[in-house]
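Raw coords01.csv, CSV, C-alpha atoms:
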```csv
chain,number,residue,atom,x,y,z
A,1,MET,CA,32.4,-91.1,-27.5
A,2,THR,CA,30.4,-91.3,-30.7
A,3,ASP,CA,31.5,-94.0,-33.2
A,4,HIS,CA,31.8,-92.6,-36.7
A,5,ARG,CA,29.7,-94.8,-39.0
A,6,THR,CA,28.1,-95.0,-42.4
A,7,ILE,CA,24.5,-94.0,-42.1
A,8,LEU,CA,21.9,-94.5,-44.8
A,9,VAL,CA,19.3,-91.7,-44.7
A,10,ILE,CA,16.2,-92.6,-46.7
A,11,GLY,CA,14.2,-89.5,-47.6
A,12,ALA,CA,17.3,-87.3,-47.4
A,13,SER,CA,16.4,-84.4,-49.7
A,14,ARG,CA,14.0,-82.4,-47.4
A,15,GLY,CA,12.4,-82.0,-44.1
A,16,ILE,CA,13.6,-84.2,-41.2
A,17,GLY,CA,15.7,-86.3,-43.6
A,18,ALA,CA,17.7,-83.3,-44.7
A,19,ALA,CA,18.1,-82.2,-41.1
A,20,VAL,CA,19.4,-85.6,-40.2
A,21,VAL,CA,21.9,-85.5,-43.0
A,22,ALA,CA,23.2,-82.2,-41.8
A,23,GLU,CA,23.4,-83.3,-38.1
A,24,ALA,CA,25.0,-86.6,-38.9
A,25,LEU,CA,27.7,-84.9,-41.0
A,26,LYS,CA,28.3,-82.5,-38.1
A,27,ALA,CA,28.7,-85.5,-35.8
A,28,GLY,CA,31.4,-86.9,-38.1
A,29,HIS,CA,29.5,-89.7,-39.7
A,30,HIS,CA,29.6,-90.7,-43.4
A,31,VAL,CA,26.2,-90.3,-44.9
A,32,ARG,CA,24.6,-92.0,-47.8
A,33,ALA,CA,21.7,-89.7,-48.7
A,34,MET,CA,18.9,-91.5,-50.6
A,35,ALA,CA,16.1,-89.7,-52.4
A,36,ARG,CA,14.2,-89.7,-55.6
A,37,HIS,CA,15.8,-86.4,-56.5
A,38,THR,CA,19.2,-85.6,-55.1
A,39,ASP,CA,19.8,-82.1,-56.5
A,40,LYS,CA,19.3,-80.6,-53.0
A,41,ILE,CA,21.6,-83.0,-51.2
A,42,PRO,CA,24.6,-81.0,-49.8
A,43,ASP,CA,28.0,-81.2,-51.5
A,44,HIS,CA,30.2,-82.6,-48.7
A,45,PRO,CA,33.2,-84.9,-48.8
A,46,HIS,CA,31.4,-87.4,-46.4
A,47,CYS,CA,28.0,-87.2,-48.0
A,48,GLU,CA,27.2,-89.6,-50.9
A,49,PRO,CA,24.0,-88.8,-52.8
A,50,VAL,CA,22.1,-91.9,-54.0
A,51,THR,CA,19.1,-91.5,-56.4
A,52,GLY,CA,16.6,-94.2,-55.8
A,53,ASP,CA,13.0,-95.3,-55.0
A,54,ALA,CA,12.7,-96.5,-51.4
A,55,THR,CA,10.0,-99.0,-52.3
A,56,LYS,CA,12.2,-100.8,-54.8
A,57,ALA,CA,14.4,-103.6,-53.5
A,58,ASP,CA,17.1,-103.2,-56.2
A,59,ASP,CA,17.6,-99.5,-55.3
A,60,LEU,CA,17.8,-100.4,-51.6
A,61,VAL,CA,20.3,-103.2,-52.1
A,62,ALA,CA,22.7,-100.7,-53.7
A,63,ALA,CA,22.1,-98.1,-51.1
A,64,LEU,CA,22.6,-100.5,-48.2
A,65,ARG,CA,26.1,-101.6,-49.3
A,66,GLY,CA,28.6,-101.0,-46.5
A,67,VAL,CA,26.0,-99.3,-44.3
A,68,ASP,CA,26.1,-99.6,-40.4
A,69,ALA,CA,22.7,-98.1,-39.7
A,70,VAL,CA,19.6,-96.8,-41.4
A,71,VAL,CA,17.3,-93.7,-40.8
A,72,MET,CA,13.9,-93.7,-42.5
A,73,ALA,CA,12.6,-90.2,-42.7
A,74,LEU,CA,10.2,-90.4,-45.6
A,75,GLY,CA,7.5,-87.8,-46.3
A,76,ILE,CA,4.8,-87.2,-48.8
A,77,ASN,CA,3.6,-84.1,-50.6
A,78,GLU,CA,0.5,-82.7,-48.8
A,79,SER,CA,-2.5,-82.4,-51.0
A,80,VAL,CA,-6.3,-82.5,-50.8
A,81,SER,CA,-6.2,-86.1,-52.2
A,82,MET,CA,-4.9,-87.3,-48.8
A,83,LEU,CA,-8.5,-87.0,-47.6
A,84,TRP,CA,-9.4,-90.1,-49.7
A,85,ARG,CA,-6.5,-91.6,-51.5
A,86,ARG,CA,-4.9,-94.6,-49.9
A,87,VAL,CA,-1.3,-94.0,-48.8
A,88,THR,CA,1.1,-96.9,-48.8
A,89,LEU,CA,4.6,-95.3,-49.2
A,90,PHE,CA,5.7,-95.8,-45.6
A,91,SER,CA,4.6,-99.4,-45.3
A,92,ASP,CA,5.8,-100.3,-48.9
A,93,ALA,CA,9.2,-98.9,-48.2
A,94,THR,CA,9.5,-100.6,-44.8
A,95,ARG,CA,8.3,-103.9,-46.2
A,96,ALA,CA,11.0,-103.7,-48.8
A,97,LEU,CA,13.8,-102.6,-46.4
A,98,ILE,CA,13.4,-104.9,-43.4
A,99,PRO,CA,14.2,-108.2,-45.2
A,100,LEU,CA,17.3,-106.7,-46.8
A,101,MET,CA,18.6,-105.3,-43.6
A,102,GLU,CA,18.0,-108.6,-41.8
A,103,ALA,CA,19.7,-110.6,-44.6
A,104,LYS,CA,22.8,-108.2,-44.6
A,105,GLY,CA,23.0,-108.2,-40.8
A,106,ILE,CA,22.4,-104.4,-40.5
A,107,LYS,CA,20.7,-104.2,-37.2
A,108,ARG,CA,20.1,-100.5,-36.4
A,109,LEU,CA,17.0,-98.8,-37.7
A,110,ILE,CA,15.5,-95.5,-36.7
A,111,ALA,CA,12.2,-94.6,-38.3
A,112,VAL,CA,10.5,-91.2,-38.0
A,113,THR,CA,6.7,-91.5,-37.9
A,114,GLY,CA,4.8,-89.0,-35.8
A,115,ILE,CA,2.5,-88.5,-32.8
A,116,GLY,CA,-0.8,-90.2,-33.7
A,117,ALA,CA,0.8,-93.2,-35.2
A,118,GLY,CA,0.2,-96.6,-33.5
A,119,ASP,CA,-0.7,-96.4,-29.8
A,120,SER,CA,0.5,-92.7,-29.6
A,121,VAL,CA,-3.0,-91.8,-30.8
A,122,THR,CA,-4.0,-92.0,-27.2
A,123,ALA,CA,-1.9,-88.8,-26.6
A,124,LEU,CA,-4.3,-86.7,-28.8
A,125,SER,CA,-7.2,-84.8,-27.4
A,126,THR,CA,-10.6,-85.4,-28.9
A,127,PRO,CA,-10.4,-82.3,-31.2
A,128,GLU,CA,-6.8,-83.3,-32.3
A,129,ARG,CA,-8.0,-86.9,-33.1
A,130,ILE,CA,-10.9,-85.5,-35.2
A,131,GLY,CA,-8.6,-83.1,-37.0
A,132,GLN,CA,-6.1,-85.9,-37.7
A,133,LYS,CA,-8.8,-88.3,-38.8
A,134,PHE,CA,-10.2,-85.7,-41.2
A,135,PHE,CA,-7.0,-84.3,-42.7
A,136,LEU,CA,-4.3,-87.0,-42.2
A,137,SER,CA,-6.2,-90.3,-41.8
A,138,GLU,CA,-4.6,-92.1,-44.7
A,139,PRO,CA,-1.0,-91.1,-44.0
A,140,TYR,CA,-1.3,-92.0,-40.4
A,141,LYS,CA,-3.0,-95.3,-41.1
A,142,ASP,CA,0.1,-96.2,-43.2
A,143,LYS,CA,2.5,-94.9,-40.5
A,144,THR,CA,0.8,-97.3,-38.1
A,145,ARG,CA,1.3,-100.1,-40.6
A,146,GLN,CA,4.9,-99.1,-40.9
A,147,GLU,CA,5.4,-99.1,-37.1
A,148,ASP,CA,3.8,-102.6,-36.9
A,149,LEU,CA,6.2,-104.0,-39.5
A,150,ILE,CA,9.2,-102.6,-37.7
A,151,LYS,CA,8.1,-103.8,-34.3
A,152,ALA,CA,7.7,-107.4,-35.7
A,153,SER,CA,11.2,-107.3,-37.2
A,154,SER,CA,14.4,-108.6,-35.6
A,155,LEU,CA,16.1,-105.2,-35.9
A,156,ASP,CA,17.3,-102.9,-33.1
A,157,TRP,CA,14.7,-100.3,-33.9
A,158,THR,CA,13.6,-97.0,-32.5
A,159,LEU,CA,10.4,-95.2,-33.6
A,160,VAL,CA,10.6,-91.5,-33.4
A,161,ARG,CA,7.3,-89.6,-33.0
A,162,PRO,CA,7.7,-85.9,-33.3
A,163,THR,CA,4.8,-83.5,-32.4
A,164,LEU,CA,4.0,-80.5,-34.6
A,165,LEU,CA,7.1,-79.6,-36.7
A,166,THR,CA,8.7,-76.2,-37.1
A,167,HIS,CA,11.6,-74.8,-39.1
A,168,ASN,CA,13.2,-73.3,-36.0
A,169,ARG,CA,16.9,-73.8,-35.2
A,170,ALA,CA,17.9,-76.6,-32.9
A,171,SER,CA,17.4,-75.8,-29.2
A,172,ARG,CA,18.9,-79.1,-27.9
A,173,ASP,CA,16.3,-78.7,-25.2
A,174,TYR,CA,13.3,-81.0,-25.8
A,175,ALA,CA,11.4,-83.7,-24.0
A,176,VAL,CA,11.9,-87.4,-25.0
A,177,MET,CA,8.7,-89.0,-23.7
A,178,VAL,CA,9.1,-92.8,-23.8
A,179,HIS,CA,6.3,-93.8,-21.5
A,180,PRO,CA,2.6,-93.4,-22.5
A,181,GLY,CA,1.8,-91.5,-19.4
A,182,GLU,CA,4.2,-88.8,-20.5
A,183,TRP,CA,3.0,-88.4,-24.0
A,184,ARG,CA,1.5,-85.0,-25.0
A,185,MET,CA,1.0,-82.8,-28.0
A,186,GLY,CA,3.5,-79.9,-28.5
A,187,VAL,CA,5.9,-78.5,-31.1
A,188,ILE,CA,9.4,-79.3,-32.0
A,189,SER,CA,11.8,-78.2,-34.7
A,190,ARG,CA,13.0,-80.5,-37.4
A,191,ALA,CA,16.6,-79.7,-36.3
A,192,ASP,CA,15.8,-81.0,-32.8
A,193,VAL,CA,14.3,-84.2,-34.2
A,194,ALA,CA,17.5,-84.7,-36.1
A,195,ASP,CA,19.6,-84.0,-33.0
A,196,TYR,CA,17.7,-86.8,-31.2
A,197,VAL,CA,18.0,-89.2,-34.1
A,198,VAL,CA,21.7,-88.8,-34.5
A,199,LYS,CA,22.3,-89.2,-30.7
A,200,ALA,CA,20.0,-92.3,-30.6
A,201,LEU,CA,22.1,-94.0,-33.2
A,202,ASP,CA,24.6,-94.8,-30.5
A,203,ASP,CA,22.2,-95.3,-27.6
A,204,PRO,CA,21.3,-98.9,-26.9
A,205,GLY,CA,18.8,-97.7,-24.3
A,206,SER,CA,16.6,-96.4,-27.1
A,207,HIS,CA,16.3,-99.8,-28.8
A,208,GLY,CA,12.7,-101.0,-28.9
A,209,THR,CA,11.3,-97.6,-27.8
A,210,ALA,CA,8.9,-95.2,-29.5
A,211,PRO,CA,9.3,-91.8,-27.9
A,212,VAL,CA,7.2,-88.8,-28.5
A,213,LEU,CA,9.4,-85.6,-28.9
A,214,ALA,CA,8.3,-82.1,-28.0
A,215,ARG,CA,9.9,-78.9,-26.9
A,216,ARG,CA,10.1,-78.6,-23.2
A,217,MET,CA,7.2,-76.6,-21.7
A,218,ALA,CA,8.3,-73.3,-20.2
A,219,ARG,CA,8.0,-73.0,-16.4
A,220,PRO,CA,5.4,-70.5,-15.3
A,221,ALA,CA,6.9,-67.2,-14.2
A,222,MET,CA,6.8,-66.6,-10.5
A,223,ASN,CA,4.4,-63.9,-9.2
A,224,PRO,CA,6.8,-61.3,-7.7
A,225,LEU,CA,4.2,-60.7,-4.9
A,226,HIS,CA,4.4,-64.4,-4.0
A,227,ARG,CA,6.9,-65.5,-1.4
A,228,GLU,CA,7.4,-69.2,-0.6
A,229,THR,CA,8.0,-70.1,3.0
A,230,ALA,CA,11.0,-72.4,3.5
A,231,ALA,CA,10.2,-75.8,5.0
A,232,PRO,CA,11.4,-76.1,8.6
```
Go ahead and render the structure in this file as structure tokens.
Amino acid sequence: MTDHRTILVIGASRGIGAAVVAEALKAGHHVRAMARHTDKIPDHPHCEPVTGDATKADDLVAALRGVDAVVMALGINESVSMLWRRVTLFSDATRALIPLMEAKGIKRLIAVTGIGAGDSVTALSTPERIGQKFFLSEPYKDKTRQEDLIKASSLDWTLVRPTLLTHNRASRDYAVMVHPGEWRMGVISRADVADYVVKALDDPGSHGTAPVLARRMARPAMNPLHRETAAP
């Protein structure tokens, strides 16, 4: 049975963060939804919007009060400047958050990064690596710094690495690839990422893991002219 807890979602106003808020509320949790702008946060009796900057310790201290677990789902606005401008949002926010969580005894942290961060870059094909290096080099360098900071902490962490994201509805049918030999590129809906995140909150087996998430690959259709011979 899922324990109903108070969850701080950082980056709650859009994308995966907004999907996590919706899924956590559906699961019966109380959600503290933190974002720079909270006008899109849902009006719900168990959802508490908190306006704040995730890189500022004072804002985080207030947001962490009475929290049982934290989900980091930060994103940045895509722009041409990502080709050359250094990105530090992910690591700056993580560097501010970890000491506060450790000091307050809040152990559970789930951070959404992405395939291509850290050692998951090995899952990318050569063309995919070239594309990521050209278009998303700076964001993923910082996601890697973020992952390194989290791994070096004393927290019960899980790094969630979704593949290409879609706006599709939740299928609840996706692969959670924990071992490097399983990693592959694919697609997954933000709703399915949120489904995994909320389930992982109460899963001690996910502590210290960094799974890649992708929709399950469809089985090839059987040729109707093919007949398999039963084993003797």
So which residues touch stretch 178-181 of chain A within 8 Å, counting all atoms listed in the file, skipping near sequence neighbours fewer than 4 positions away, as a tab-separated table (two decimals) with C-alpha atoms, in the frame of the given file?
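The new file part_14.tsv reads:
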```tsv
chain	number	residue	atom	x	y	z
A	120	SER	CA	0.50	-92.70	-29.60
A	123	ALA	CA	-1.90	-88.80	-26.60
A	209	THR	CA	11.30	-97.60	-27.80
A	210	ALA	CA	8.90	-95.20	-29.50
A	211	PRO	CA	9.30	-91.80	-27.90
A	212	VAL	CA	7.20	-88.80	-28.50
```
Spatial sel., origin (28.0, -84.7, -41.0), limit 12 Å, only C-alpha atoms, listed as a PyMOL selection string: chain A and resi 4-7+9+18-33+42-48+194-195+198
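What separates atom CA of A:Arg172 from atom CA of A:Tyr140 is a distance of 27.0 Å.
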Computed interatomic separation between atom CA of A:Ala96 and atom CA of A:Ile10 (Å): 12.4 Å
Length of the atom CA of A:Ala152 to atom CA of A:Ile98 vector [Å]: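 Going from atom CA of A:Ala152 over to atom CA of A:Ile98, I get 9.9 Å.
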Residue among A:Ala170, A:Met101, A:Leu165, A:Met185 lying closest to A:Thr122, counting only C-alpha atoms: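 Of all the options, A:Met185 lies closest to A:Thr122.
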Nearest candidate to A:Ile150 (options A:Thr55, A:Thr94, A:Ser13, A:Thr88; using only C-alpha atoms):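 Among the listed residues, A:Thr94 lies closest to A:Ile150.
Shortest separation to A:Asp173 among A:Ala200, A:Ala214, A:Val67, A:Leu149 occurs at residue A:Ala214, atoms counted being only C-alpha atoms.
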Nearest-residue call for A:Ile16, choices A:Leu97, A:Leu89, A:Leu159, A:Ala73, using only C-alpha atoms: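 Smallest distance to A:Ile16 is found for A:Ala73.
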